[in-house]
Structures are given as C-alpha cells and as structure tokens.
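Visitor: Contents of final.pdb (PDB, C-alpha atoms) are given next:
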```pdb
ATOM      1  CA  MET A   5      23.951  -7.946   9.259
ATOM      2  CA  THR A   6      23.011  -4.320   8.985
ATOM      3  CA  GLY A   7      23.599  -2.351   5.848
ATOM      4  CA  ALA A   8      24.041  -5.464   3.755
ATOM      5  CA  SER A   9      24.099  -4.847   0.039
ATOM      6  CA  ASN A  10      25.245  -6.688  -3.045
ATOM      7  CA  SER A  11      28.985  -7.164  -3.047
ATOM      8  CA  MET A  12      28.887  -7.263  -6.837
ATOM      9  CA  THR A  13      28.410  -3.945  -8.602
ATOM     10  CA  GLU A  14      24.972  -3.757 -10.161
ATOM     11  CA  PRO A  15      24.252  -2.163 -13.515
ATOM     12  CA  ALA A  16      22.982   1.382 -13.177
ATOM     13  CA  TYR A  17      19.254   1.719 -13.821
ATOM     14  CA  MET A  18      17.822   4.819 -15.410
ATOM     15  CA  GLY A  19      17.070   7.504 -12.882
ATOM     16  CA  THR A  20      19.106   5.884 -10.095
ATOM     17  CA  GLU A  21      22.513   6.422  -8.599
ATOM     18  CA  ALA A  22      24.750   4.156  -6.526
ATOM     19  CA  VAL A  23      25.106   5.286  -2.934
ATOM     20  CA  ASP A  24      27.200   2.881  -0.856
ATOM     21  CA  ASP A  25      26.489   0.106  -3.401
ATOM     22  CA  HIS A  26      22.783   0.660  -2.814
ATOM     23  CA  GLN A  27      20.707   1.807  -5.754
ATOM     24  CA  VAL A  28      18.879   4.949  -4.633
ATOM     25  CA  GLY A  29      16.329   6.462  -6.973
ATOM     26  CA  SER A  30      16.611  10.071  -7.956
ATOM     27  CA  ALA A  31      14.035  12.588  -6.766
ATOM     28  CA  LYS A  32      13.032  13.051 -10.398
ATOM     29  CA  LEU A  33      12.152   9.354 -10.753
ATOM     30  CA  PHE A  34      10.080   9.402  -7.562
ATOM     31  CA  ALA A  35       8.238  12.571  -8.573
ATOM     32  CA  TRP A  36       7.492  11.014 -11.946
ATOM     33  CA  ILE A  37       6.004   7.878 -10.318
ATOM     34  CA  TRP A  38       3.992  10.084  -7.968
ATOM     35  CA  ALA A  39       2.616  12.061 -10.911
ATOM     36  CA  TRP A  40       1.575   8.842 -12.659
ATOM     37  CA  LEU A  41      -0.130   7.600  -9.488
ATOM     38  CA  LEU A  42      -2.111  10.842  -9.216
ATOM     39  CA  LEU A  43      -3.035  10.683 -12.893
ATOM     40  CA  LEU A  44      -4.314   7.105 -12.633
ATOM     41  CA  THR A  45      -6.313   8.054  -9.517
ATOM     42  CA  ALA A  46      -7.864  11.037 -11.312
ATOM     43  CA  LEU A  47      -8.790   8.689 -14.167
ATOM     44  CA  GLU A  48     -10.515   6.361 -11.701
ATOM     45  CA  VAL A  49     -12.524   9.188 -10.114
ATOM     46  CA  PHE A  50     -13.530  10.424 -13.558
ATOM     47  CA  LEU A  51     -14.642   6.948 -14.596
ATOM     48  CA  ALA A  52     -16.805   6.649 -11.490
ATOM     49  CA  TYR A  53     -19.010   9.383 -12.925
ATOM     50  CA  GLU A  54     -19.260   7.926 -16.393
ATOM     51  CA  ARG A  55     -22.114   5.540 -17.107
ATOM     52  CA  VAL A  56     -19.992   2.406 -17.334
ATOM     53  CA  GLU A  57     -21.432  -1.083 -16.959
ATOM     54  CA  VAL A  58     -20.553  -2.507 -13.580
ATOM     55  CA  HIS A  59     -18.495  -5.498 -14.777
ATOM     56  CA  ILE A  60     -16.349  -3.273 -16.992
ATOM     57  CA  MET A  61     -16.065  -0.759 -14.154
ATOM     58  CA  ILE A  62     -14.773  -3.343 -11.695
ATOM     59  CA  THR A  63     -12.304  -4.713 -14.259
ATOM     60  CA  ILE A  64     -10.941  -1.260 -15.045
ATOM     61  CA  LEU A  65     -10.732  -0.246 -11.378
ATOM     62  CA  LEU A  66      -8.978  -3.462 -10.384
ATOM     63  CA  GLY A  67      -6.654  -3.205 -13.378
ATOM     64  CA  LEU A  68      -5.707   0.372 -12.555
ATOM     65  CA  SER A  69      -5.237  -0.518  -8.880
ATOM     66  CA  LEU A  70      -2.932  -3.372  -9.868
ATOM     67  CA  ILE A  71      -0.873  -1.032 -12.044
ATOM     68  CA  LYS A  72      -0.648   1.478  -9.196
ATOM     69  CA  SER A  73       0.411  -1.175  -6.703
ATOM     70  CA  ALA A  74       3.017  -2.482  -9.164
ATOM     71  CA  LEU A  75       4.408   1.065  -9.460
ATOM     72  CA  ILE A  76       4.494   1.545  -5.704
ATOM     73  CA  MET A  77       6.058  -1.861  -5.057
ATOM     74  CA  SER A  78       8.706  -1.625  -7.757
ATOM     75  CA  TYR A  79       9.859   1.942  -7.244
ATOM     76  CA  PHE A  80       8.787   3.279  -3.850
ATOM     77  CA  MET A  81       9.330  -0.053  -2.101
ATOM     78  CA  HIS A  82      12.461  -0.586  -4.172
ATOM     79  CA  LEU A  83      11.565  -4.136  -5.285
ATOM     80  CA  ARG A  84      12.728  -3.428  -8.817
ATOM     81  CA  PHE A  85      16.294  -2.908  -7.664
ATOM     82  CA  GLU A  86      16.416  -5.801  -5.226
ATOM     83  CA  ARG A  87      17.576  -9.306  -6.007
ATOM     84  CA  LEU A  88      15.195 -11.327  -8.151
ATOM     85  CA  GLY A  89      15.113 -13.991  -5.417
ATOM     86  CA  LEU A  90      13.430 -11.559  -3.023
ATOM     87  CA  PHE A  91      10.708 -10.720  -5.534
ATOM     88  CA  LEU A  92      10.150 -14.433  -6.259
ATOM     89  CA  ILE A  93       9.890 -15.411  -2.619
ATOM     90  CA  LEU A  94       7.318 -12.692  -1.847
ATOM     91  CA  VAL A  95       5.069 -11.929  -4.787
ATOM     92  CA  PRO A  96       4.088 -15.181  -6.551
ATOM     93  CA  ALA A  97       2.862 -16.821  -3.330
ATOM     94  CA  MET A  98       0.855 -13.703  -2.463
ATOM     95  CA  VAL A  99      -0.732 -13.606  -5.924
ATOM     96  CA  PHE A 100      -1.519 -17.300  -5.708
ATOM     97  CA  CYS A 101      -3.267 -16.937  -2.324
ATOM     98  CA  ILE A 102      -5.342 -14.005  -3.574
ATOM     99  CA  CYS A 103      -6.345 -15.941  -6.687
ATOM    100  CA  MET A 104      -7.356 -18.872  -4.488
ATOM    101  CA  MET A 105      -9.555 -16.565  -2.421
ATOM    102  CA  LEU A 106     -11.208 -15.195  -5.535
ATOM    103  CA  ILE A 107     -11.773 -18.626  -7.085
ATOM    104  CA  MET A 108     -13.322 -19.924  -3.885
ATOM    105  CA  PHE A 109     -15.735 -17.054  -3.370
ATOM    106  CA  TYR A 110     -16.711 -15.350  -6.585
ATOM    107  CA  PRO A 111     -18.703 -18.160  -8.200
ATOM    108  CA  ASP A 112     -20.667 -18.668  -4.982
ATOM    109  CA  SER A 113     -21.630 -15.016  -4.697
ATOM    110  CA  ILE A 114     -22.823 -14.968  -8.295
ATOM    111  CA  ARG A 115     -24.792 -18.139  -7.600
ATOM    112  CA  LEU A 116     -26.491 -16.418  -4.657
ATOM    113  CA  MET A 117     -27.318 -13.480  -6.864
ATOM    114  CA  ASP A 118     -28.817 -15.704  -9.544
ATOM    115  CA  MET A 119     -30.826 -17.650  -6.988
ATOM    116  CA  ARG A 120     -32.768 -14.573  -5.925
ATOM    117  CA  PRO A 121     -36.319 -14.321  -7.282
ATOM    118  CA  HIS A 122     -36.125 -12.068 -10.298
TER
ATOM    119  CA  MET B   9      40.851 -23.225   7.120
ATOM    120  CA  SER B  10      42.966 -21.658   4.399
ATOM    121  CA  ASP B  11      42.176 -18.278   2.896
ATOM    122  CA  THR B  12      41.163 -19.723  -0.446
ATOM    123  CA  GLU B  13      38.729 -22.154   1.171
ATOM    124  CA  PHE B  14      37.146 -19.330   3.154
ATOM    125  CA  GLU B  15      36.808 -17.247   0.011
ATOM    126  CA  GLY B  16      35.058 -20.159  -1.657
ATOM    127  CA  ILE B  17      32.455 -20.310   1.109
ATOM    128  CA  VAL B  18      31.697 -16.585   1.143
ATOM    129  CA  ALA B  19      31.489 -16.455  -2.643
ATOM    130  CA  THR B  20      28.137 -18.250  -2.964
ATOM    131  CA  PRO B  21      25.196 -16.634  -1.132
ATOM    132  CA  TRP B  22      23.680 -19.941  -0.064
ATOM    133  CA  SER B  23      26.788 -21.324   1.611
ATOM    134  CA  GLY B  24      26.078 -19.638   4.891
ATOM    135  CA  GLY B  25      27.266 -16.490   6.581
ATOM    136  CA  ALA B  26      25.838 -14.254   3.874
ATOM    137  CA  ALA B  27      22.488 -12.707   2.973
ATOM    138  CA  PRO B  28      20.854 -14.760   0.185
ATOM    139  CA  PHE B  29      18.310 -12.087  -0.669
ATOM    140  CA  GLY B  30      20.856  -9.315  -0.463
ATOM    141  CA  ILE B  31      19.006  -7.454   2.285
ATOM    142  CA  ASN B  32      19.306  -7.259   6.061
ATOM    143  CA  SER B  33      17.027  -9.265   8.326
ATOM    144  CA  LYS B  34      14.985  -6.218   9.471
ATOM    145  CA  LYS B  35      13.972  -5.518   5.910
ATOM    146  CA  LEU B  36      13.168  -9.157   5.130
ATOM    147  CA  GLY B  37      11.100  -9.361   8.311
ATOM    148  CA  MET B  38       9.115  -6.283   7.337
ATOM    149  CA  TRP B  39       8.534  -7.690   3.834
ATOM    150  CA  LEU B  40       7.223 -10.950   5.276
ATOM    151  CA  PHE B  41       4.903  -9.018   7.595
ATOM    152  CA  ILE B  42       3.690  -6.965   4.612
ATOM    153  CA  VAL B  43       2.850 -10.162   2.711
ATOM    154  CA  SER B  44       0.817 -11.474   5.645
ATOM    155  CA  ASP B  45      -0.990  -8.166   6.157
ATOM    156  CA  THR B  46      -1.728  -8.003   2.430
ATOM    157  CA  LEU B  47      -3.471 -11.340   2.735
ATOM    158  CA  THR B  48      -5.489 -10.044   5.708
ATOM    159  CA  PHE B  49      -6.721  -7.070   3.723
ATOM    160  CA  SER B  50      -7.296  -9.251   0.671
ATOM    161  CA  ALA B  51      -9.500 -11.539   2.744
ATOM    162  CA  LEU B  52     -11.525  -8.541   3.928
ATOM    163  CA  LEU B  53     -11.804  -7.134   0.425
ATOM    164  CA  VAL B  54     -12.819 -10.460  -1.102
ATOM    165  CA  SER B  55     -15.475 -11.011   1.564
ATOM    166  CA  TYR B  56     -16.742  -7.450   0.968
ATOM    167  CA  ALA B  57     -16.916  -8.216  -2.739
ATOM    168  CA  TYR B  58     -18.754 -11.449  -1.997
ATOM    169  CA  VAL B  59     -21.508  -9.882   0.119
ATOM    170  CA  ARG B  60     -21.825  -6.970  -2.245
ATOM    171  CA  LEU B  61     -22.205  -9.190  -5.306
ATOM    172  CA  ALA B  62     -24.784 -11.316  -3.499
ATOM    173  CA  THR B  63     -26.882  -8.294  -2.406
ATOM    174  CA  PRO B  64     -29.028  -6.790  -5.149
ATOM    175  CA  ASP B  65     -29.911  -3.502  -3.431
ATOM    176  CA  TRP B  66     -26.506  -2.464  -2.098
ATOM    177  CA  PRO B  67     -26.728   1.243  -1.210
ATOM    178  CA  ARG B  68     -24.734   3.731  -3.244
ATOM    179  CA  PRO B  69     -24.875   6.818  -1.065
ATOM    180  CA  PHE B  70     -21.644   8.665  -1.772
ATOM    181  CA  GLU B  71     -22.098  12.142  -3.190
ATOM    182  CA  ILE B  72     -19.348  14.366  -4.568
ATOM    183  CA  TRP B  73     -19.516  16.334  -1.368
ATOM    184  CA  PRO B  74     -18.496  15.312   1.190
ATOM    185  CA  ALA B  75     -17.647  11.672   0.510
ATOM    186  CA  ILE B  76     -15.937  11.564  -2.885
ATOM    187  CA  ALA B  77     -14.202  14.939  -2.624
ATOM    188  CA  LYS B  78     -12.866  14.141   0.835
ATOM    189  CA  SER B  79     -11.735  10.610  -0.048
ATOM    190  CA  SER B  80     -10.090  11.818  -3.277
ATOM    191  CA  PHE B  81      -8.214  14.458  -1.323
ATOM    192  CA  MET B  82      -7.266  11.797   1.227
ATOM    193  CA  THR B  83      -5.886   9.685  -1.625
ATOM    194  CA  PHE B  84      -3.836  12.648  -2.832
ATOM    195  CA  VAL B  85      -2.529  13.255   0.702
ATOM    196  CA  LEU B  86      -1.546   9.612   1.171
ATOM    197  CA  LEU B  87       0.179   9.383  -2.222
ATOM    198  CA  SER B  88       2.107  12.554  -1.442
ATOM    199  CA  SER B  89       3.090  11.113   1.925
ATOM    200  CA  SER B  90       4.534   8.127   0.059
ATOM    201  CA  LEU B  91       6.586  10.536  -2.036
ATOM    202  CA  THR B  92       7.907  12.363   1.027
ATOM    203  CA  MET B  93       8.644   9.001   2.661
ATOM    204  CA  VAL B  94      10.708   7.759  -0.251
ATOM    205  CA  LEU B  95      12.554  11.094  -0.356
ATOM    206  CA  ALA B  96      13.259  10.690   3.372
ATOM    207  CA  VAL B  97      14.710   7.231   2.760
ATOM    208  CA  ALA B  98      16.839   8.546  -0.106
ATOM    209  CA  ALA B  99      18.120  11.392   2.068
ATOM    210  CA  ALA B 100      18.900   8.947   4.885
ATOM    211  CA  HIS B 101      20.903   6.764   2.500
ATOM    212  CA  ARG B 102      22.871   9.858   1.478
ATOM    213  CA  HIS B 103      23.557  10.476   5.201
ATOM    214  CA  ASN B 104      21.677  13.786   5.106
ATOM    215  CA  VAL B 105      20.085  13.493   8.561
ATOM    216  CA  LYS B 106      18.432  16.930   8.609
ATOM    217  CA  LYS B 107      16.719  16.442   5.263
ATOM    218  CA  ALA B 108      15.614  12.928   6.141
ATOM    219  CA  VAL B 109      14.087  14.097   9.426
ATOM    220  CA  ARG B 110      12.319  16.949   7.642
ATOM    221  CA  TYR B 111      10.763  14.575   5.089
ATOM    222  CA  LEU B 112       9.855  12.094   7.837
ATOM    223  CA  ILE B 113       7.975  14.811   9.731
ATOM    224  CA  LEU B 114       6.205  15.829   6.511
ATOM    225  CA  THR B 115       5.150  12.203   6.008
ATOM    226  CA  MET B 116       3.800  12.051   9.546
ATOM    227  CA  ILE B 117       1.849  15.277   9.038
ATOM    228  CA  CYS B 118       0.283  13.893   5.860
ATOM    229  CA  GLY B 119      -0.612  10.668   7.671
ATOM    230  CA  ALA B 120      -2.182  12.548  10.560
ATOM    231  CA  ALA B 121      -4.127  14.718   8.109
ATOM    232  CA  PHE B 122      -5.421  11.564   6.427
ATOM    233  CA  VAL B 123      -6.669  10.146   9.730
ATOM    234  CA  LEU B 124      -8.265  13.457  10.761
ATOM    235  CA  ILE B 125     -10.164  13.917   7.495
ATOM    236  CA  HIS B 126     -11.236  10.287   7.599
ATOM    237  CA  ALA B 127     -12.512  10.759  11.169
ATOM    238  CA  THR B 128     -14.613  13.748  10.117
ATOM    239  CA  GLU B 129     -16.085  11.631   7.358
ATOM    240  CA  TRP B 130     -16.961   8.914   9.842
ATOM    241  CA  VAL B 131     -18.680  11.483  12.087
ATOM    242  CA  THR B 132     -20.710  12.693   9.101
ATOM    243  CA  LEU B 133     -21.820   9.124   8.464
ATOM    244  CA  PHE B 134     -22.744   8.625  12.115
ATOM    245  CA  HIS B 135     -24.919  11.722  11.917
ATOM    246  CA  GLU B 136     -26.664  10.255   8.885
ATOM    247  CA  GLY B 137     -27.457   7.168  10.932
ATOM    248  CA  VAL B 138     -24.851   4.873   9.403
ATOM    249  CA  THR B 139     -23.241   2.627  12.003
ATOM    250  CA  PRO B 140     -21.386  -0.674  11.685
ATOM    251  CA  TRP B 141     -24.630  -2.527  12.392
ATOM    252  CA  SER B 142     -27.435  -0.446  10.893
ATOM    253  CA  ASN B 143     -28.158   2.284   8.379
ATOM    254  CA  PRO B 144     -31.245   3.950   6.892
ATOM    255  CA  TRP B 145     -30.900   2.006   3.620
ATOM    256  CA  GLY B 146     -31.741  -1.426   4.964
ATOM    257  CA  VAL B 147     -28.514  -3.278   4.199
ATOM    258  CA  PRO B 148     -26.667  -3.512   7.538
ATOM    259  CA  LEU B 149     -23.608  -5.095   5.926
ATOM    260  CA  PHE B 150     -22.905  -1.837   4.118
ATOM    261  CA  GLY B 151     -21.860  -0.227   7.385
ATOM    262  CA  GLY B 152     -20.188  -3.398   8.585
ATOM    263  CA  THR B 153     -17.945  -3.714   5.536
ATOM    264  CA  PHE B 154     -17.332   0.021   5.211
ATOM    265  CA  PHE B 155     -16.288   0.618   8.820
ATOM    266  CA  GLY B 156     -14.449  -2.690   8.996
ATOM    267  CA  LEU B 157     -12.311  -1.993   5.929
ATOM    268  CA  THR B 158     -11.697   1.705   6.468
ATOM    269  CA  GLY B 159     -11.353   1.249  10.229
ATOM    270  CA  LEU B 160      -8.650  -1.399   9.929
ATOM    271  CA  HIS B 161      -6.859   0.751   7.379
ATOM    272  CA  MET B 162      -7.145   3.851   9.580
ATOM    273  CA  LEU B 163      -5.683   1.840  12.448
ATOM    274  CA  HIS B 164      -2.728   0.903  10.250
ATOM    275  CA  VAL B 165      -2.178   4.550   9.307
ATOM    276  CA  THR B 166      -2.309   5.639  12.944
ATOM    277  CA  ILE B 167       0.141   2.933  14.003
ATOM    278  CA  GLY B 168       2.309   3.993  11.064
ATOM    279  CA  VAL B 169       2.402   7.619  12.188
ATOM    280  CA  VAL B 170       3.428   6.563  15.711
ATOM    281  CA  TYR B 171       6.021   4.159  14.274
ATOM    282  CA  LEU B 172       7.446   6.894  12.032
ATOM    283  CA  GLY B 173       7.603   9.233  15.017
ATOM    284  CA  ILE B 174       9.636   6.733  17.005
ATOM    285  CA  ILE B 175      11.973   6.094  14.072
ATOM    286  CA  CYS B 176      12.355   9.818  13.403
ATOM    287  CA  ALA B 177      13.227  10.548  17.028
ATOM    288  CA  GLY B 178      15.728   7.702  17.236
ATOM    289  CA  TYR B 179      17.292   8.367  13.848
ATOM    290  CA  SER B 180      17.812  12.080  14.500
ATOM    291  CA  LYS B 181      19.602  11.209  17.754
ATOM    292  CA  GLY B 182      21.839   8.770  15.884
ATOM    293  CA  LYS B 183      20.401   5.781  17.714
ATOM    294  CA  TRP B 184      19.189   4.193  14.453
ATOM    295  CA  THR B 185      20.489   4.131  10.907
ATOM    296  CA  ALA B 186      19.180   4.659   7.404
ATOM    297  CA  ASP B 187      18.208   0.986   7.319
ATOM    298  CA  HIS B 188      15.620   1.584  10.034
ATOM    299  CA  VAL B 189      14.188   4.496   8.081
ATOM    300  CA  GLU B 190      13.985   2.336   4.981
ATOM    301  CA  VAL B 191      12.150  -0.453   6.830
ATOM    302  CA  SER B 192       9.599   2.020   8.217
ATOM    303  CA  GLY B 193       9.254   3.340   4.675
ATOM    304  CA  LEU B 194       8.282  -0.134   3.482
ATOM    305  CA  TYR B 195       5.442  -0.248   6.028
ATOM    306  CA  TRP B 196       4.267   3.197   5.018
ATOM    307  CA  HIS B 197       4.131   2.317   1.332
ATOM    308  CA  PHE B 198       2.190  -0.816   2.186
ATOM    309  CA  VAL B 199      -0.415   1.312   3.962
ATOM    310  CA  ASP B 200      -0.680   3.480   0.845
ATOM    311  CA  LEU B 201      -0.938   0.378  -1.324
ATOM    312  CA  VAL B 202      -3.924  -0.938   0.633
ATOM    313  CA  TRP B 203      -5.680   2.403   0.197
ATOM    314  CA  MET B 204      -5.142   2.091  -3.587
ATOM    315  CA  PHE B 205      -7.562  -0.839  -3.433
ATOM    316  CA  ILE B 206      -9.969   0.349  -0.740
ATOM    317  CA  PHE B 207     -10.594   3.739  -2.361
ATOM    318  CA  PRO B 208     -11.922   2.491  -5.718
ATOM    319  CA  LEU B 209     -13.681  -0.609  -4.420
ATOM    320  CA  VAL B 210     -15.427   1.012  -1.447
ATOM    321  CA  TYR B 211     -15.899   4.635  -2.497
ATOM    322  CA  LEU B 212     -15.895   4.821  -6.279
ATOM    323  CA  LEU B 213     -18.154   1.795  -6.720
ATOM    324  CA  SER B 214     -20.715   3.339  -4.355
ATOM    325  CA  VAL B 215     -20.986   6.719  -6.028
ATOM    326  CA  ASN B 216     -24.548   7.967  -6.036
ATOM    327  CA  PRO B 217     -25.690   7.390  -9.622
ATOM    328  CA  LYS B 218     -28.232  10.228  -9.590
TER
END
```
Would you mind giving the structure from this file in structure tokens?

Guide:
Amino acid sequence: MTGASNSMTEPAYMGTEAVDDHQVGSAKLFAWIWAWLLLLTALEVFLAYERVEVHIMITILLGLSLIKSALIMSYFMHLRFERLGLFLILVPAMVFCICMMLIMFYPDSIRLMDMRPH
Amino acid sequence: MSDTEFEGIVATPWSGGAAPFGINSKKLGMWLFIVSDTLTFSALLVSYAYVRLATPDWPRPFEIWPAIAKSSFMTFVLLSSSLTMVLAVAAAHRHNVKKAVRYLILTMICGAAFVLIHATEWVTLFHEGVTPWSNPWGVPLFGGTFFGLTGLHMLHVTIGVVYLGIICAGYSKGKWTADHVEVSGLYWHFVDLVWMFIFPLVYLLSVNPK
C-alpha cells in the first residue's frame, strides 16, 4: 500500500502540521535541529583541542554522537512521529547487537594493552 | 461477509490487510536495510576501537590544516545536506514538486561536495605516504582502519547521490511519489548518521597533540 498513514487522527506535536494525515515537521523545527547538530559538532571539535584525558574524551564524544544520532533519527528520519511499534521493532535490537559487540571486544583489547611490557 | 464483520477485521492492525507499523512497505524495507547497515558500520567501528586500544603508539597525525578543518567543513556540509533533504521531503508531502526538486538537487550538490573534499584529503594522505597498508609512522593498521571506514562511508555517499539523482529525475516527471522521496531521505539521513560517529572517533581522537 502506498501512502499508508494512520487512519486515526494523531495529536499534533509542537512544530508539526498534518498534511494528508501525515505529520510533517515545520521548516522552523528542522532548522532548529540542524542548529543544535552544528552546535554539538562545534563542541566536539573544541574539546578535541582541550587537554582531556582519553577515557573522558571517548565518553564525551560517544555521548554527544549518541545525542546527535537520536536527534537525526527522531526528527529528520521522522521516527518520533511514527508508531511506537516501528521504533520498538528497529531500535532495541540494534542497540542490543551493538552492546554485544562492545562487551565481546572491549575487555580483550584492554587485556592486550595491559599485557604489553611496560 | 457482512459489512459489520468486514469493519471488525479492518479495525485491528494485526488482523490482516492493513499496515501494522503504519507505514508502506518501501519505507519499512529501507528501515530494515538501515538497521543492517548500521550493524555493518558498528562492526567496523568496534574493530577499529579494538585495534586502537590494543596499540600503544597509535599515530595522531591530524593537524588543523588540512585534516581537521576539511573534515569539520565536510561535517557541516553533510549536516546541511540532511536539512535540505528533510525540506525536500516536506515539500514533496505538500505536493510542491518544484520546491522538492530544488531541495533534492541542493542535497545532491552537498553530497558531491563532501565526496570531492574527502577525495582531496585522501590524495593529500597518499602524498604523505599513507596507504591502506603502510605509513611512515609504523602502525599499518592506521591506514587500514582509516581508509576502510572512510572509504566505505564515501561509497555510501556516492551511491546516495546517484540514488537521489534517480529519484529526483523520476519524481519530477511524475513517475514516483512523495513516498519515494521520503524513503531516499531515510537513506540519506543514515549516511549522515554514520558520519556523526566516524568524524569524532577517527578524526577528533587523532588530533595532533602538539
């Protein structure tokens, strides 16, 4: 089915309008998200030149990247206005697989690092 | 079957004949592909993190010019292309074909600019002696992970630009609808999303500390 959308009327979200029953964000909302993405990126570049300890640096960079991807996925990719079922079928499994990858590999790499002659 | 029985069946999304996730199959298919491609890039990023953590003298060669300035500008270009893409999708949903096509072309230009700047950066690295299998700093995996990650991403951007071109041509002729534009938009945002991780983890963590 092309052009399928919810047959029930959805509540209006801030900064969106209903176009053919399909929540379309306003240009203002998109520009706002874009501005935030640029700001977070500028923060990351700035931090790269500060003398920050590497573990803290990685945590901050990954945290900021996660926030940016959440913004892109919810607003640009429209996930926020889709049915909850779609979000649940996509995201939790993805997060789980990534966590599995990290759990399997990180401890081993740190072990290798510690095994080197100091 | 009576009318009331039929209404009962259509009423619940899981009874068949309806879309349980509320989206068309093209869009669901693209989302499923995005999940699988995310896992591909995650595997590459995790393995990059693994070798980097296990290597004590990982080179950190990126200076402000040209590496960090160029990659920061590339990030800005890609983020702006995401904005133009989402504006194209919004215009397509409002049946404003001209505006949608204009924003689609802008997105393609930004994507092409990204690939071009990235290519010049690669050439600079080649001139410095950095290849996927060797470099002057003695850790061959630096080039391997760098070119592998950025190369796969650059391939995705290039494919995306071609894909957007096909969609733009077909949509402007009325062959395809706003749904097709939206699905291509999903792919484009995914490409941007991957860069959100590659840029800090590959470039910003290898800034020359001097």

Visitor: As an MDAnalysis selection string, please: the residues near Tyr171 of chain B (cut-off 12 Å, all atoms listed in the file, same-chain neighbours under 4 positions excluded).

Guide: chainID B and resid 112:113 115:116 119 164:167 175:178 188:189 191:196

Visitor: State, in Å with one decimal place, the distance from atom CA of Leu53 of chain B to atom CA of Ile206 of chain B.

Guide: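 The value is 7.8 Å.
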
Visitor: Got a sec: who's within 6 Å of segment 83-90 of chain B, counting all atoms listed in the file, leaving out chain neighbours fewer than 3 positions off, as a list in words?

Guide: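 Counting all atoms listed in the file, the residues come to Ser80, Met93, Thr115, Cys118 and His197 of chain B.
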
Visitor: Between A:Met117, A:Ile76, A:Leu90, A:Ile64, which residue has the minimum interatomic distance to Ala52 of chain A, considering all atoms listed in the file?

Guide: A:Ile64

Visitor: Compute the distance from (-5.9, 2.6, 9.0) to each atom, counting all atoms listed in the file, keep the residues with any atom at most 12 Å away, and return them as a VMD selection string; use the coordinates of the file.

Guide: chain B and resid 49 86 119 to 120 122 to 124 126 to 127 155 to 169 196 198 to 203 206

Visitor: Output as a Markdown table one row per residue of chain B within 8 Å of chain A: the closest atom pair and its distance in Å to one decimal place, counting only C-alpha atoms, sorted by chain and residue number ascending.

Guide:
```
| residue | atom | partner | partner_atom | distance |
| --- | --- | --- | --- | --- |
| B:Ala27 | CA | A:Ala8 | CA | 7.4 |
| B:Phe29 | CA | A:Leu90 | CA | 5.4 |
| B:Gly30 | CA | A:Ser9 | CA | 5.5 |
| B:Ile31 | CA | A:Ala8 | CA | 5.6 |
| B:Asn32 | CA | A:Thr6 | CA | 5.6 |
| B:Ser33 | CA | A:Met5 | CA | 7.1 |
| B:Trp39 | CA | A:Leu94 | CA | 7.7 |
| B:Leu40 | CA | A:Leu94 | CA | 7.3 |
| B:Val43 | CA | A:Met98 | CA | 6.6 |
| B:Thr46 | CA | A:Met98 | CA | 7.9 |
| B:Leu47 | CA | A:Ile102 | CA | 7.1 |
| B:Ser50 | CA | A:Ile102 | CA | 6.7 |
| B:Ala51 | CA | A:Met105 | CA | 7.2 |
| B:Val54 | CA | A:Leu106 | CA | 6.7 |
| B:Ser55 | CA | A:Phe109 | CA | 7.8 |
| B:Tyr58 | CA | A:Ser113 | CA | 5.3 |
| B:Val59 | CA | A:Ser113 | CA | 7.0 |
| B:Leu61 | CA | A:Ser113 | CA | 5.9 |
| B:Ala62 | CA | A:Met117 | CA | 4.7 |
| B:Thr63 | CA | A:Met117 | CA | 6.9 |
| B:Pro64 | CA | A:Met117 | CA | 7.1 |
| B:Ser80 | CA | A:Val49 | CA | 7.7 |
| B:Phe84 | CA | A:Leu42 | CA | 6.9 |
| B:Leu87 | CA | A:Trp38 | CA | 6.9 |
| B:Ser88 | CA | A:Trp38 | CA | 7.2 |
| B:Ser90 | CA | A:Phe80 | CA | 7.5 |
| B:Leu91 | CA | A:Trp38 | CA | 6.5 |
| B:Val94 | CA | A:Phe80 | CA | 6.1 |
| B:Leu95 | CA | A:Ala31 | CA | 6.7 |
| B:Ala98 | CA | A:Val28 | CA | 6.1 |
| B:His101 | CA | A:Val23 | CA | 7.0 |
| B:Arg102 | CA | A:Val23 | CA | 6.7 |
| B:Asp187 | CA | A:Gly7 | CA | 6.5 |
| B:Gly193 | CA | A:Met81 | CA | 7.6 |
| B:Leu194 | CA | A:Met81 | CA | 5.7 |
| B:His197 | CA | A:Met81 | CA | 6.7 |
| B:Leu201 | CA | A:Ser73 | CA | 5.8 |
| B:Met204 | CA | A:Ser69 | CA | 5.9 |
| B:Phe205 | CA | A:Ser69 | CA | 5.9 |
| B:Pro208 | CA | A:Leu65 | CA | 6.4 |
| B:Leu209 | CA | A:Leu65 | CA | 7.6 |
| B:Leu212 | CA | A:Ala52 | CA | 5.6 |
| B:Leu213 | CA | A:Ala52 | CA | 6.9 |
| B:Val215 | CA | A:Ala52 | CA | 6.9 |
| B:Pro217 | CA | A:Tyr53 | CA | 7.7 |
```

Visitor: Take atom CA of Thr92 of chain B and atom CA of Ile174 of chain B and report the distance between them in Å, one decimal.

Guide: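 Taking atom CA of Thr92 of chain B as the start and atom CA of Ile174 of chain B as the end point, the length is 17.0 Å.
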
Visitor: Have a look at atom CA of Tyr111 of chain B and atom CA of Leu172 of chain B and let me know their distance in Å, one decimal.

Guide: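 Going from atom CA of Tyr111 of chain B over to atom CA of Leu172 of chain B, I get 10.9 Å.
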